[in-house]
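Undergrad: Below is target-v9.txt; it holds compact mmCIF, C-alpha atoms.
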```
# COMPACT_ATOMS: atom_id res chain seq x y z
CA MET A 1 -44.24 -14.15 15.11
CA VAL A 2 -41.14 -13.20 13.05
CA ALA A 3 -43.39 -12.29 10.13
CA ASP A 4 -45.41 -9.93 12.35
CA VAL A 5 -42.21 -8.28 13.57
CA PHE A 6 -41.12 -7.45 10.04
CA HIS A 7 -44.59 -6.40 8.86
CA SER A 8 -44.52 -4.00 11.78
CA VAL A 9 -41.07 -2.49 11.19
CA ALA A 10 -40.91 -2.54 7.37
CA ALA A 11 -41.85 1.10 6.84
CA LYS A 12 -39.26 2.45 9.29
CA TYR A 13 -36.66 -0.25 8.70
CA ASP A 14 -33.96 1.93 7.07
CA VAL A 15 -34.33 4.79 9.55
CA MET A 16 -34.14 2.38 12.46
CA ASN A 17 -31.08 0.63 10.99
CA ASP A 18 -29.23 3.94 10.80
CA LEU A 19 -30.33 4.97 14.27
CA MET A 20 -29.65 1.65 15.98
CA SER A 21 -26.21 1.11 14.49
CA PHE A 22 -25.23 4.80 14.31
CA GLY A 23 -24.85 4.27 10.56
CA ILE A 24 -22.21 1.55 11.03
CA HIS A 25 -24.41 -1.01 9.24
CA ARG A 26 -23.39 0.77 6.02
CA LEU A 27 -19.74 -0.11 6.69
CA TRP A 28 -20.62 -3.71 7.52
CA LYS A 29 -22.48 -3.94 4.20
CA ARG A 30 -19.58 -2.30 2.34
CA GLN A 31 -17.29 -4.99 3.70
CA THR A 32 -19.74 -7.66 2.51
CA ILE A 33 -19.68 -6.20 -1.00
CA ALA A 34 -15.87 -6.03 -0.94
CA CYS A 35 -15.71 -9.74 -0.04
CA SER A 36 -18.41 -10.82 -2.48
CA GLY A 37 -16.27 -10.91 -5.62
CA VAL A 38 -19.35 -9.97 -7.65
CA ARG A 39 -18.49 -9.17 -11.27
CA GLN A 40 -20.21 -8.19 -14.47
CA GLY A 41 -22.62 -10.88 -15.67
CA HIS A 42 -22.97 -12.61 -12.30
CA LYS A 43 -26.26 -13.90 -10.98
CA VAL A 44 -26.61 -12.84 -7.35
CA LEU A 45 -29.20 -13.66 -4.73
CA ASP A 46 -29.62 -11.12 -1.92
CA LEU A 47 -31.51 -13.34 0.47
CA ALA A 48 -33.54 -11.77 3.28
CA GLY A 49 -32.59 -8.65 1.37
CA GLY A 50 -35.15 -6.48 3.12
CA THR A 51 -35.07 -2.97 1.78
CA GLY A 52 -32.42 -3.80 -0.80
CA ASP A 53 -29.25 -2.01 0.37
CA LEU A 54 -27.02 -4.77 -0.98
CA THR A 55 -29.19 -5.35 -4.05
CA ALA A 56 -28.73 -1.71 -5.11
CA LYS A 57 -24.93 -2.06 -5.11
CA PHE A 58 -24.93 -5.51 -6.68
CA SER A 59 -27.14 -4.32 -9.54
CA GLU A 60 -24.40 -1.82 -10.47
CA LEU A 61 -21.66 -4.42 -10.22
CA VAL A 62 -23.35 -7.12 -12.32
CA GLY A 63 -24.30 -4.67 -15.07
CA GLU A 64 -26.92 -5.24 -17.72
CA SER A 65 -25.71 -8.75 -18.49
CA GLY A 66 -26.07 -9.87 -14.88
CA GLN A 67 -29.02 -10.36 -12.59
CA VAL A 68 -29.77 -9.67 -8.94
CA ILE A 69 -32.62 -11.34 -7.13
CA LEU A 70 -33.93 -9.66 -4.03
CA GLY A 71 -35.49 -12.43 -2.00
CA ASP A 72 -37.38 -12.13 1.26
CA ILE A 73 -39.98 -14.25 3.00
CA ASN A 74 -41.82 -11.14 4.13
CA ASP A 75 -43.95 -9.40 1.50
CA SER A 76 -44.01 -6.08 3.39
CA MET A 77 -40.22 -5.88 3.40
CA LEU A 78 -40.08 -6.92 -0.24
CA ARG A 79 -42.59 -4.22 -1.20
CA VAL A 80 -40.63 -1.52 0.66
CA GLY A 81 -37.41 -2.73 -1.01
CA ARG A 82 -38.97 -2.79 -4.47
CA ASP A 83 -40.41 0.73 -4.09
CA LYS A 84 -37.12 2.08 -2.80
CA LEU A 85 -35.05 0.58 -5.60
CA ARG A 86 -37.48 1.68 -8.28
CA ASP A 87 -37.41 5.20 -6.85
CA LEU A 88 -33.63 5.07 -7.12
CA GLY A 89 -34.01 4.09 -10.78
CA ARG A 90 -32.62 0.61 -10.27
CA VAL A 91 -34.58 -1.38 -12.81
CA GLY A 92 -33.77 -3.88 -15.53
CA ASN A 93 -31.51 -6.36 -13.80
CA ILE A 94 -33.36 -6.81 -10.49
CA GLU A 95 -36.06 -9.34 -9.72
CA TYR A 96 -38.16 -9.48 -6.57
CA VAL A 97 -39.11 -12.90 -5.30
CA GLN A 98 -40.91 -13.86 -2.09
CA MET A 99 -39.13 -16.99 -0.95
CA ASN A 100 -38.32 -19.23 1.95
CA ALA A 101 -34.57 -19.62 2.58
CA GLU A 102 -35.13 -23.25 3.56
CA ALA A 103 -36.46 -24.14 0.11
CA LEU A 104 -34.96 -21.79 -2.46
CA PRO A 105 -36.93 -21.79 -5.71
CA PHE A 106 -33.92 -22.09 -8.04
CA PRO A 107 -32.39 -24.97 -9.98
CA ASP A 108 -29.18 -26.61 -8.73
CA ASN A 109 -25.91 -24.81 -9.58
CA SER A 110 -27.59 -21.67 -10.86
CA LEU A 111 -26.24 -18.73 -8.78
CA ASP A 112 -22.79 -17.16 -8.52
CA VAL A 113 -23.12 -15.43 -5.18
CA ILE A 114 -25.61 -15.56 -2.30
CA THR A 115 -25.63 -13.00 0.48
CA ILE A 116 -27.81 -13.06 3.56
CA ALA A 117 -27.41 -9.99 5.73
CA PHE A 118 -29.03 -9.95 9.15
CA GLY A 119 -31.47 -12.62 8.02
CA LEU A 120 -30.13 -16.05 8.97
CA ARG A 121 -30.94 -15.68 12.66
CA ASN A 122 -34.63 -15.38 11.74
CA VAL A 123 -34.63 -18.63 9.76
CA THR A 124 -36.21 -21.51 11.70
CA ASP A 125 -34.10 -24.36 10.32
CA LYS A 126 -30.70 -22.80 9.65
CA ASP A 127 -29.04 -26.07 8.60
CA LYS A 128 -31.73 -26.71 6.01
CA ALA A 129 -31.36 -23.13 4.71
CA LEU A 130 -27.58 -23.49 4.42
CA ARG A 131 -27.99 -26.78 2.52
CA SER A 132 -30.50 -25.11 0.22
CA MET A 133 -28.06 -22.26 -0.47
CA TYR A 134 -25.28 -24.75 -1.16
CA ARG A 135 -27.51 -26.60 -3.63
CA VAL A 136 -28.33 -23.55 -5.77
CA LEU A 137 -24.79 -22.14 -5.86
CA LYS A 138 -22.68 -22.85 -8.94
CA PRO A 139 -19.34 -24.58 -8.40
CA GLY A 140 -16.95 -21.71 -7.59
CA GLY A 141 -19.82 -19.74 -6.11
CA ARG A 142 -19.78 -18.29 -2.62
CA LEU A 143 -22.07 -17.58 0.28
CA LEU A 144 -21.68 -14.54 2.52
CA VAL A 145 -23.49 -14.43 5.83
CA LEU A 146 -23.48 -11.07 7.60
CA GLU A 147 -24.98 -11.49 11.02
CA PHE A 148 -24.87 -10.31 14.61
CA SER A 149 -22.51 -12.47 16.63
CA LYS A 150 -20.67 -12.67 19.94
CA THR A 151 -18.03 -10.29 21.19
CA ASP A 152 -15.07 -11.51 23.29
CA ASN A 153 -14.51 -8.13 24.89
CA GLU A 154 -16.20 -8.22 28.31
CA ALA A 155 -16.60 -4.45 28.68
CA LEU A 156 -18.00 -4.11 25.17
CA SER A 157 -20.31 -7.07 25.81
CA LYS A 158 -21.79 -5.43 28.95
CA LEU A 159 -22.26 -2.12 27.17
CA TYR A 160 -23.83 -3.88 24.19
CA ASP A 161 -26.25 -5.82 26.45
CA PHE A 162 -27.33 -2.65 28.22
CA TYR A 163 -27.81 -0.92 24.88
CA SER A 164 -29.74 -3.86 23.35
CA PHE A 165 -32.17 -4.45 26.21
CA ASN A 166 -32.70 -0.90 27.44
CA ILE A 167 -32.01 1.69 24.77
CA LEU A 168 -32.99 -0.27 21.64
CA PRO A 169 -36.63 -1.01 22.66
CA THR A 170 -37.04 2.62 23.74
CA MET A 171 -35.76 3.80 20.37
CA GLY A 172 -38.17 1.37 18.68
CA LYS A 173 -41.02 2.76 20.71
CA LEU A 174 -40.16 6.36 19.89
CA VAL A 175 -39.40 6.00 16.18
CA ALA A 176 -41.41 3.00 14.97
CA ASN A 177 -43.97 2.95 17.80
CA ASP A 178 -43.05 -0.68 18.41
CA SER A 179 -40.81 -1.67 21.31
CA GLU A 180 -41.67 -5.40 21.20
CA SER A 181 -40.15 -5.95 17.77
CA TYR A 182 -36.89 -4.42 18.91
CA ARG A 183 -36.93 -6.47 22.09
CA TYR A 184 -37.31 -9.52 19.84
CA LEU A 185 -34.31 -8.28 17.81
CA ALA A 186 -32.10 -8.16 20.93
CA GLU A 187 -33.27 -11.61 22.07
CA SER A 188 -32.88 -13.22 18.65
CA ILE A 189 -29.29 -11.92 18.48
CA ARG A 190 -28.47 -13.67 21.77
CA MET A 191 -30.01 -16.93 20.50
CA HIS A 192 -28.01 -16.90 17.26
CA PRO A 193 -25.00 -19.29 17.01
CA ASP A 194 -21.58 -17.76 17.69
CA GLN A 195 -18.85 -17.40 15.04
CA GLU A 196 -17.31 -20.86 15.39
CA THR A 197 -20.67 -22.66 15.56
CA LEU A 198 -21.93 -20.95 12.40
CA LYS A 199 -18.66 -21.75 10.66
CA SER A 200 -19.10 -25.44 11.57
CA MET A 201 -22.71 -25.33 10.36
CA MET A 202 -21.54 -23.96 7.01
CA GLU A 203 -18.93 -26.71 6.73
CA GLU A 204 -21.52 -29.36 7.57
CA ALA A 205 -23.76 -27.98 4.81
CA GLY A 206 -20.89 -28.61 2.37
CA PHE A 207 -19.19 -25.22 2.14
CA GLU A 208 -15.43 -25.25 1.74
CA GLN A 209 -12.83 -22.73 2.92
CA ALA A 210 -15.38 -21.45 5.43
CA SER A 211 -14.03 -18.50 7.35
CA TYR A 212 -15.24 -15.44 9.19
CA GLN A 213 -14.09 -11.98 10.11
CA ASN A 214 -15.28 -10.08 13.15
CA LEU A 215 -16.54 -6.57 12.57
CA THR A 216 -16.85 -3.96 15.34
CA GLY A 217 -15.31 -6.22 17.95
CA GLY A 218 -17.41 -9.24 17.04
CA ILE A 219 -20.79 -7.55 17.46
CA VAL A 220 -21.19 -8.54 13.82
CA ALA A 221 -19.36 -11.28 11.90
CA LEU A 222 -19.04 -11.80 8.18
CA HIS A 223 -18.90 -15.51 7.30
CA ARG A 224 -17.78 -16.69 3.90
CA GLY A 225 -17.89 -20.15 2.34
CA PHE A 226 -17.30 -21.52 -1.14
CA LYS A 227 -18.79 -24.33 -3.19
CA PHE A 228 -16.20 -26.08 -5.35
CA MET B 1 -13.32 -0.98 10.07
CA TRP B 2 -11.14 2.11 9.67
CA ILE B 3 -10.00 0.91 6.26
CA THR B 4 -13.64 0.40 5.25
CA LEU B 5 -14.45 3.91 6.42
CA LEU B 6 -11.48 5.38 4.55
CA THR B 7 -12.40 3.55 1.36
CA ALA B 8 -15.97 4.84 1.70
CA VAL B 9 -14.63 8.40 1.88
CA ALA B 10 -12.28 7.76 -1.06
CA GLU B 11 -15.12 6.27 -3.10
CA SER B 12 -17.35 9.25 -2.41
CA ALA B 13 -14.55 11.71 -3.34
CA LEU B 14 -13.74 9.80 -6.51
CA GLU B 15 -17.39 9.75 -7.57
CA GLN B 16 -17.62 13.50 -7.00
CA LEU B 17 -14.54 13.91 -9.17
CA LEU B 18 -15.90 11.64 -11.89
CA ASN B 19 -19.14 13.57 -12.02
CA LYS B 20 -17.48 16.99 -11.97
CA GLU B 21 -14.86 16.04 -14.56
CA PRO B 22 -16.67 14.22 -17.39
CA ALA B 23 -13.37 13.95 -19.28
CA LEU B 24 -12.08 11.59 -16.59
CA ALA B 25 -15.15 9.36 -16.95
CA VAL B 26 -14.61 9.29 -20.73
CA GLN B 27 -10.96 8.27 -20.29
CA LEU B 28 -11.95 5.54 -17.85
CA ALA B 29 -14.56 4.11 -20.24
CA ALA B 30 -12.12 1.38 -21.31
CA THR B 31 -11.72 0.25 -17.69
CA GLN B 32 -15.45 -0.22 -17.16
CA HIS B 33 -16.31 -3.30 -15.06
CA LYS B 34 -12.61 -4.11 -14.56
CA THR B 35 -10.86 -4.23 -11.22
CA LEU B 36 -7.46 -2.73 -10.49
CA ALA B 37 -5.97 -3.93 -7.21
CA VAL B 38 -2.95 -2.35 -5.54
CA THR B 39 -1.05 -4.06 -2.74
CA LEU B 40 1.15 -1.73 -0.71
CA THR B 41 3.75 -3.97 0.89
CA ASP B 42 4.94 -1.37 3.44
CA LEU B 43 1.39 -0.87 4.73
CA GLU B 44 0.36 -4.54 4.26
CA LEU B 45 -2.78 -3.31 2.57
CA CYS B 46 -4.55 -4.30 -0.63
CA CYS B 47 -7.05 -1.83 -2.08
CA ALA B 48 -9.03 -2.18 -5.28
CA LEU B 49 -10.78 0.17 -7.65
CA HIS B 50 -13.70 -0.97 -9.76
CA TYR B 51 -15.21 1.53 -12.20
CA VAL B 52 -18.73 0.52 -13.25
CA GLY B 53 -19.49 3.42 -15.58
CA GLU B 54 -22.61 5.52 -15.67
CA GLN B 55 -25.61 4.45 -13.63
CA GLN B 56 -28.75 6.58 -13.80
CA GLY B 57 -26.75 9.42 -15.35
CA LYS B 58 -24.01 9.38 -12.71
CA ALA B 59 -20.55 7.85 -12.90
CA ARG B 60 -20.16 5.15 -10.25
CA CYS B 61 -17.17 3.33 -8.87
CA PHE B 62 -16.32 1.05 -5.96
CA VAL B 63 -13.23 1.35 -3.79
CA TYR B 64 -12.48 -1.70 -1.68
CA GLY B 65 -10.12 -2.06 1.27
CA ASN B 66 -8.55 -5.39 2.31
CA TYR B 67 -9.34 -6.78 -1.14
CA GLN B 68 -8.79 -10.55 -1.38
CA ASP B 69 -10.19 -11.51 -4.77
CA GLN B 70 -8.81 -11.89 -8.25
CA ALA B 71 -8.34 -8.56 -10.05
CA ASP B 72 -7.94 -7.84 -13.78
CA CYS B 73 -4.70 -6.08 -12.91
CA HIS B 74 -2.84 -6.45 -9.64
CA ILE B 75 0.04 -4.13 -8.77
CA THR B 76 2.31 -4.91 -5.82
CA THR B 77 4.55 -2.05 -4.78
CA THR B 78 5.45 0.41 -2.02
CA LEU B 79 3.83 3.74 -1.19
CA SER B 80 6.78 5.77 -2.47
CA THR B 81 6.88 3.92 -5.80
CA LEU B 82 3.15 4.40 -6.19
CA GLN B 83 3.68 8.15 -6.48
CA GLU B 84 5.93 7.59 -9.49
CA LEU B 85 3.05 5.83 -11.24
CA SER B 86 1.43 9.18 -11.98
CA ASP B 87 3.65 9.13 -15.07
CA PRO B 88 2.40 6.20 -17.22
CA SER B 89 5.69 6.03 -19.14
CA GLN B 90 7.49 5.05 -15.90
CA LEU B 91 5.52 1.84 -15.53
CA THR B 92 7.77 -0.42 -17.59
CA ARG B 93 10.93 1.11 -16.04
CA LEU B 94 9.61 0.42 -12.52
CA ILE B 95 8.79 -3.19 -13.47
CA ARG B 96 12.31 -3.62 -14.95
CA GLU B 97 13.86 -2.22 -11.79
CA GLU B 98 11.72 -4.66 -9.76
CA LYS B 99 10.24 -1.80 -7.78
CA LEU B 100 6.84 -2.92 -8.91
CA ASP B 101 5.24 -6.27 -9.62
CA LEU B 102 2.36 -6.37 -12.05
CA GLU B 103 0.03 -9.29 -12.70
CA GLY B 104 -2.70 -9.17 -15.33
CA ASP B 105 -3.65 -6.49 -17.80
CA LEU B 106 -0.86 -3.89 -18.15
CA GLN B 107 -3.10 -1.67 -20.28
CA LEU B 108 -5.59 -1.36 -17.43
CA ALA B 109 -2.91 0.08 -15.15
CA GLN B 110 -1.74 2.40 -17.93
CA SER B 111 -5.32 3.57 -18.59
CA TYR B 112 -5.84 4.50 -14.93
CA SER B 113 -2.42 6.14 -14.71
CA LYS B 114 -2.98 8.13 -17.92
CA ALA B 115 -6.50 9.20 -16.90
CA PHE B 116 -5.42 10.54 -13.51
CA ALA B 117 -2.14 12.04 -14.78
CA GLY B 118 -4.01 14.04 -17.41
CA LEU B 119 -6.48 15.35 -14.88
CA ASN B 120 -6.63 19.13 -14.81
CA ILE B 121 -9.35 20.16 -12.40
CA ASP B 122 -10.75 23.65 -12.83
CA TRP B 123 -11.30 24.31 -9.11
CA ALA B 124 -12.39 27.90 -9.69
CA GLU B 125 -15.18 26.73 -11.99
CA HIS B 126 -16.45 24.17 -9.45
CA LEU B 127 -16.17 26.53 -6.48
CA SER B 128 -17.90 29.36 -8.32
CA ASN B 129 -21.19 27.44 -8.02
CA HIS B 130 -20.96 27.80 -4.24
CA LEU B 131 -18.99 31.01 -3.69
CA GLY B 132 -19.55 33.10 -6.80
CA ASP B 133 -17.07 33.80 -9.63
CA ALA B 134 -14.83 36.45 -8.05
CA PRO B 135 -14.36 34.85 -4.58
CA ALA B 136 -13.75 31.45 -6.17
CA GLN B 137 -11.12 32.90 -8.52
CA LEU B 138 -9.47 34.77 -5.64
CA LEU B 139 -9.46 31.70 -3.39
CA VAL B 140 -7.96 29.48 -6.09
CA ALA B 141 -5.31 32.10 -6.93
CA GLN B 142 -4.39 32.38 -3.23
CA CYS B 143 -4.20 28.59 -2.93
CA GLU B 144 -1.97 28.42 -6.02
CA ARG B 145 0.37 31.04 -4.54
CA ALA B 146 0.40 29.22 -1.18
CA LYS B 147 1.18 25.97 -3.00
CA GLN B 148 4.06 27.60 -4.88
CA ARG B 149 5.41 29.17 -1.66
CA GLY B 150 5.04 25.80 0.11
CA ALA B 151 6.89 24.02 -2.71
CA SER B 152 9.64 26.64 -2.60
CA HIS B 153 10.01 26.32 1.19
CA LEU B 154 9.99 22.55 0.91
CA GLY B 155 12.78 22.75 -1.70
CA ILE B 156 14.86 24.98 0.60
CA LEU B 157 14.22 22.66 3.55
CA LYS B 158 15.23 19.62 1.50
CA ARG B 159 18.46 21.33 0.35
CA THR B 160 19.26 22.45 3.92
CA VAL B 161 18.69 18.98 5.36
CA THR B 162 20.77 17.41 2.59
CA GLN B 163 23.58 19.89 3.23
CA LEU B 164 23.41 19.29 6.99
CA CYS B 165 23.54 15.54 6.47
CA GLN B 166 26.53 15.87 4.14
CA ASP B 167 28.35 18.15 6.62
CA GLU B 168 27.54 15.76 9.44
CA LEU B 169 28.88 12.86 7.38
CA ASN B 170 32.21 14.68 6.92
CA VAL B 171 32.80 15.10 10.65
CA ALA B 172 30.95 12.05 11.93
CA VAL B 173 32.90 9.03 13.12
CA HIS B 174 32.80 6.13 10.68
CA PRO B 175 30.91 3.02 11.94
CA LEU B 176 34.13 0.96 11.52
CA GLU B 177 35.96 3.35 13.83
CA VAL B 178 33.16 3.01 16.40
CA ARG B 179 33.40 -0.78 16.18
CA GLN B 180 37.20 -0.66 16.63
CA PHE B 181 36.82 1.68 19.61
CA LYS B 182 34.32 -0.74 21.20
CA THR B 183 36.73 -3.67 20.71
CA HIS B 184 39.57 -1.74 22.33
CA THR B 185 37.36 -0.71 25.25
CA ARG B 186 36.30 -4.32 25.82
CA GLN B 187 39.93 -5.51 25.73
CA LEU B 188 40.92 -2.79 28.20
CA ALA B 189 38.04 -3.76 30.52
CA GLN B 190 39.20 -7.40 30.42
CA GLN B 191 42.80 -6.41 31.21
CA LEU B 192 41.60 -4.24 34.11
CA ALA B 193 39.53 -7.12 35.51
CA ALA B 194 42.57 -9.43 35.32
CA LEU B 195 44.76 -6.80 37.04
CA GLU B 196 42.14 -6.34 39.78
CA GLN B 197 42.13 -10.09 40.39
CA ARG B 198 45.93 -10.17 40.66
CA ILE B 199 45.97 -7.22 43.11
CA ASN B 200 43.28 -8.92 45.23
CA ALA B 201 45.27 -12.17 45.25
CA LEU B 202 48.53 -10.37 46.22
CA SER B 203 46.83 -8.35 49.00
CA GLU B 204 45.45 -11.56 50.52
CA LEU B 205 48.99 -13.02 50.92
```
What is this file in structure tokens?
TA:
Amino acid sequence: MVADVFHSVAAKYDVMNDLMSFGIHRLWKRQTIACSGVRQGHKVLDLAGGTGDLTAKFSELVGESGQVILGDINDSMLRVGRDKLRDLGRVGNIEYVQMNAEALPFPDNSLDVITIAFGLRNVTDKDKALRSMYRVLKPGGRLLVLEFSKTDNEALSKLYDFYSFNILPTMGKLVANDSESYRYLAESIRMHPDQETLKSMMEEAGFEQASYQNLTGGIVALHRGFKF
Amino acid sequence: MWITLLTAVAESALEQLLNKEPALAVQLAATQHKTLAVTLTDLELCCALHYVGEQQGKARCFVYGNYQDQADCHITTTLSTLQELSDPSQLTRLIREEKLDLEGDLQLAQSYSKAFAGLNIDWAEHLSNHLGDAPAQLLVAQCERAKQRGASHLGILKRTVTQLCQDELNVAVHPLEVRQFKTHTRQLAQQLAALEQRINALSEL
């Protein structure tokens, strides 16, 4: 079902992201890059990377000596991302790999940084995926999880619920001609673990110094964990 | 999120500058793929600048807010001291005077300082692409005159305020005198209270 959702929205994914978040997703991603510590020569995995927003920035940061892998389980999303990045002239240090987050196709201790932005909630076995990420990270490496989360502010929460279940599907219908996928998006956000639960899950997978920061009142949270 | 938004604006402005002033990009070549972090203690803010060089024919850089990672050069100072850094020769003096703490590569800080201090933007040239030569020249000349007038007024204002403060200091009561006056007032209030008690006691007899 998740695969069908992303096959359906792939072509209009970027437009819908800008529309749905009023462009704020760009700031959330900027914050992720600022916290990534990515440097020249690093090997970075942008998991569930979709249309490659983070990959584009990381490819500049790692330089020619580094490598960025754009990984996604959905081939439609991967194709859109690859076309977009090639059109932007981002070639040379980017690889595109269709992969399952639960069984990452990399050797142990081989990556410096892994990011997964708005992707973890779509993974069936999140614990298995987190363990897999921990396995492939080098000692000193870090994982960044950018994901929708729970807001403490009651007024904001009510407004957000109204927006998610009423306006979002209508927007999806008008722009991408697909309201069901955007209804799924709202529901999957509500099913996703809250900040503290995800932090505990990261710690159970082995990550150390796990922490999170709320963005936009907790609508989105950026989790960070290290492997030492 | 406001810091992230501000850094996004700063990054965009800096990239515009880098692409319009190729000399700046050349001077920053030595800083390529190195991170300069600046912590402003009075604002409790750490920002970082990471110049990545040319990408697809355009100079690119990253400006981070709330930076928490290791930087190649990390400066800790205040906002007012930061303005003095526009002169690279002041760097060592500021460190000696403990107005500034620097960790890491001193040359990186000097390279940035030198590159931005030597910046001489030809605004008329850049504006002429949008407005035409004559209006751009006129606008820049007007702005220059306004800047000079502003600087002159600011100088006068500073002198006036300084003079007023000095005059005020001459006639103002010294803090020690105020403290002594307060002590005397308190003593007097205590004596009055004691006298009131005695009068009350005598009137009850």
Undergrad: Using all atoms listed in the file, I'd like every residue of chain B that has an atom within 12 Å of chain A; please write them out as a PyMOL selection string.
TA: chain B and resi 1-9+11+32-35+37+46-72
Undergrad: Keeping only C-alpha atoms, write the selected residues to a file as an mmCIF file, in the coordinates of the input.
TA:
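For reference, out_14.cif as written:
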```cif
data_model
loop_
_atom_site.group_PDB
_atom_site.id
_atom_site.type_symbol
_atom_site.label_atom_id
_atom_site.label_comp_id
_atom_site.auth_asym_id
_atom_site.auth_seq_id
_atom_site.Cartn_x
_atom_site.Cartn_y
_atom_site.Cartn_z
ATOM 1 C CA MET B 1 -13.320 -0.980 10.070
ATOM 2 C CA TRP B 2 -11.140 2.110 9.670
ATOM 3 C CA ILE B 3 -10.000 0.910 6.260
ATOM 4 C CA THR B 4 -13.640 0.400 5.250
ATOM 5 C CA LEU B 5 -14.450 3.910 6.420
ATOM 6 C CA LEU B 6 -11.480 5.380 4.550
ATOM 7 C CA THR B 7 -12.400 3.550 1.360
ATOM 8 C CA ALA B 8 -15.970 4.840 1.700
ATOM 9 C CA VAL B 9 -14.630 8.400 1.880
ATOM 10 C CA GLU B 11 -15.120 6.270 -3.100
ATOM 11 C CA GLN B 32 -15.450 -0.220 -17.160
ATOM 12 C CA HIS B 33 -16.310 -3.300 -15.060
ATOM 13 C CA LYS B 34 -12.610 -4.110 -14.560
ATOM 14 C CA THR B 35 -10.860 -4.230 -11.220
ATOM 15 C CA ALA B 37 -5.970 -3.930 -7.210
ATOM 16 C CA CYS B 46 -4.550 -4.300 -0.630
ATOM 17 C CA CYS B 47 -7.050 -1.830 -2.080
ATOM 18 C CA ALA B 48 -9.030 -2.180 -5.280
ATOM 19 C CA LEU B 49 -10.780 0.170 -7.650
ATOM 20 C CA HIS B 50 -13.700 -0.970 -9.760
ATOM 21 C CA TYR B 51 -15.210 1.530 -12.200
ATOM 22 C CA VAL B 52 -18.730 0.520 -13.250
ATOM 23 C CA GLY B 53 -19.490 3.420 -15.580
ATOM 24 C CA GLU B 54 -22.610 5.520 -15.670
ATOM 25 C CA GLN B 55 -25.610 4.450 -13.630
ATOM 26 C CA GLN B 56 -28.750 6.580 -13.800
ATOM 27 C CA GLY B 57 -26.750 9.420 -15.350
ATOM 28 C CA LYS B 58 -24.010 9.380 -12.710
ATOM 29 C CA ALA B 59 -20.550 7.850 -12.900
ATOM 30 C CA ARG B 60 -20.160 5.150 -10.250
ATOM 31 C CA CYS B 61 -17.170 3.330 -8.870
ATOM 32 C CA PHE B 62 -16.320 1.050 -5.960
ATOM 33 C CA VAL B 63 -13.230 1.350 -3.790
ATOM 34 C CA TYR B 64 -12.480 -1.700 -1.680
ATOM 35 C CA GLY B 65 -10.120 -2.060 1.270
ATOM 36 C CA ASN B 66 -8.550 -5.390 2.310
ATOM 37 C CA TYR B 67 -9.340 -6.780 -1.140
ATOM 38 C CA GLN B 68 -8.790 -10.550 -1.380
ATOM 39 C CA ASP B 69 -10.190 -11.510 -4.770
ATOM 40 C CA GLN B 70 -8.810 -11.890 -8.250
ATOM 41 C CA ALA B 71 -8.340 -8.560 -10.050
ATOM 42 C CA ASP B 72 -7.940 -7.840 -13.780
#
```
Undergrad: CA of Lys84 (chain A) and CA of Asn17 (chain A) are how many Å apart?
TA: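 Distance reported for this atom pair: 15.1 Å.
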Undergrad: Can you pull out the residues contacting region 191-208 of chain A? Cut-off 7 Å, using only C-alpha atoms, and skip same-chain residues under 3 positions away; I want them as a PyMOL selection string.
TA: chain A and resi 121+127+130-131+134+149-150+187-188+211+221+225-227
Undergrad: Which protein, DNA or RNA residues are at most 12 Å from (8.7, -3.2, -12.7) in the file's coordinates when you count all atoms listed in the file, listed as a PDB file with C-alpha atoms, in the coordinates of the input?
TA:
```
ATOM      1  CA  ILE B  75       0.040  -4.130  -8.770  1.00  0.00           C
ATOM      2  CA  THR B  76       2.310  -4.910  -5.820  1.00  0.00           C
ATOM      3  CA  THR B  77       4.550  -2.050  -4.780  1.00  0.00           C
ATOM      4  CA  THR B  78       5.450   0.410  -2.020  1.00  0.00           C
ATOM      5  CA  THR B  81       6.880   3.920  -5.800  1.00  0.00           C
ATOM      6  CA  LEU B  82       3.150   4.400  -6.190  1.00  0.00           C
ATOM      7  CA  GLU B  84       5.930   7.590  -9.490  1.00  0.00           C
ATOM      8  CA  LEU B  85       3.050   5.830 -11.240  1.00  0.00           C
ATOM      9  CA  SER B  89       5.690   6.030 -19.140  1.00  0.00           C
ATOM     10  CA  GLN B  90       7.490   5.050 -15.900  1.00  0.00           C
ATOM     11  CA  LEU B  91       5.520   1.840 -15.530  1.00  0.00           C
ATOM     12  CA  THR B  92       7.770  -0.420 -17.590  1.00  0.00           C
ATOM     13  CA  ARG B  93      10.930   1.110 -16.040  1.00  0.00           C
ATOM     14  CA  LEU B  94       9.610   0.420 -12.520  1.00  0.00           C
ATOM     15  CA  ILE B  95       8.790  -3.190 -13.470  1.00  0.00           C
ATOM     16  CA  ARG B  96      12.310  -3.620 -14.950  1.00  0.00           C
ATOM     17  CA  GLU B  97      13.860  -2.220 -11.790  1.00  0.00           C
ATOM     18  CA  GLU B  98      11.720  -4.660  -9.760  1.00  0.00           C
ATOM     19  CA  LYS B  99      10.240  -1.800  -7.780  1.00  0.00           C
ATOM     20  CA  LEU B 100       6.840  -2.920  -8.910  1.00  0.00           C
ATOM     21  CA  ASP B 101       5.240  -6.270  -9.620  1.00  0.00           C
ATOM     22  CA  LEU B 102       2.360  -6.370 -12.050  1.00  0.00           C
ATOM     23  CA  GLU B 103       0.030  -9.290 -12.700  1.00  0.00           C
ATOM     24  CA  LEU B 106      -0.860  -3.890 -18.150  1.00  0.00           C
TER      25      LEU B 106
END
```
Undergrad: Would you kindly identify which residues have an atom no farther than 10 Å from (-29.7, -9.8, 22.6), using only C-alpha atoms and the file's own coordinates, and write them out as a VMD selection string?
TA: chain A and resid 148 to 150 160 to 165 182 to 192
Undergrad: Enclose all atoms of region 145-163 of chain B listed in the file in an axis-aligned box, grow every side by 5 Å, and hand back centre and edge lengths in Å to one decimal, as AutoDock Vina command-line options.
TA:
```
--center_x 12.0 --center_y 24.2 --center_z 0.2 --size_x 33.2 --size_y 23.6 --size_z 20.2
```
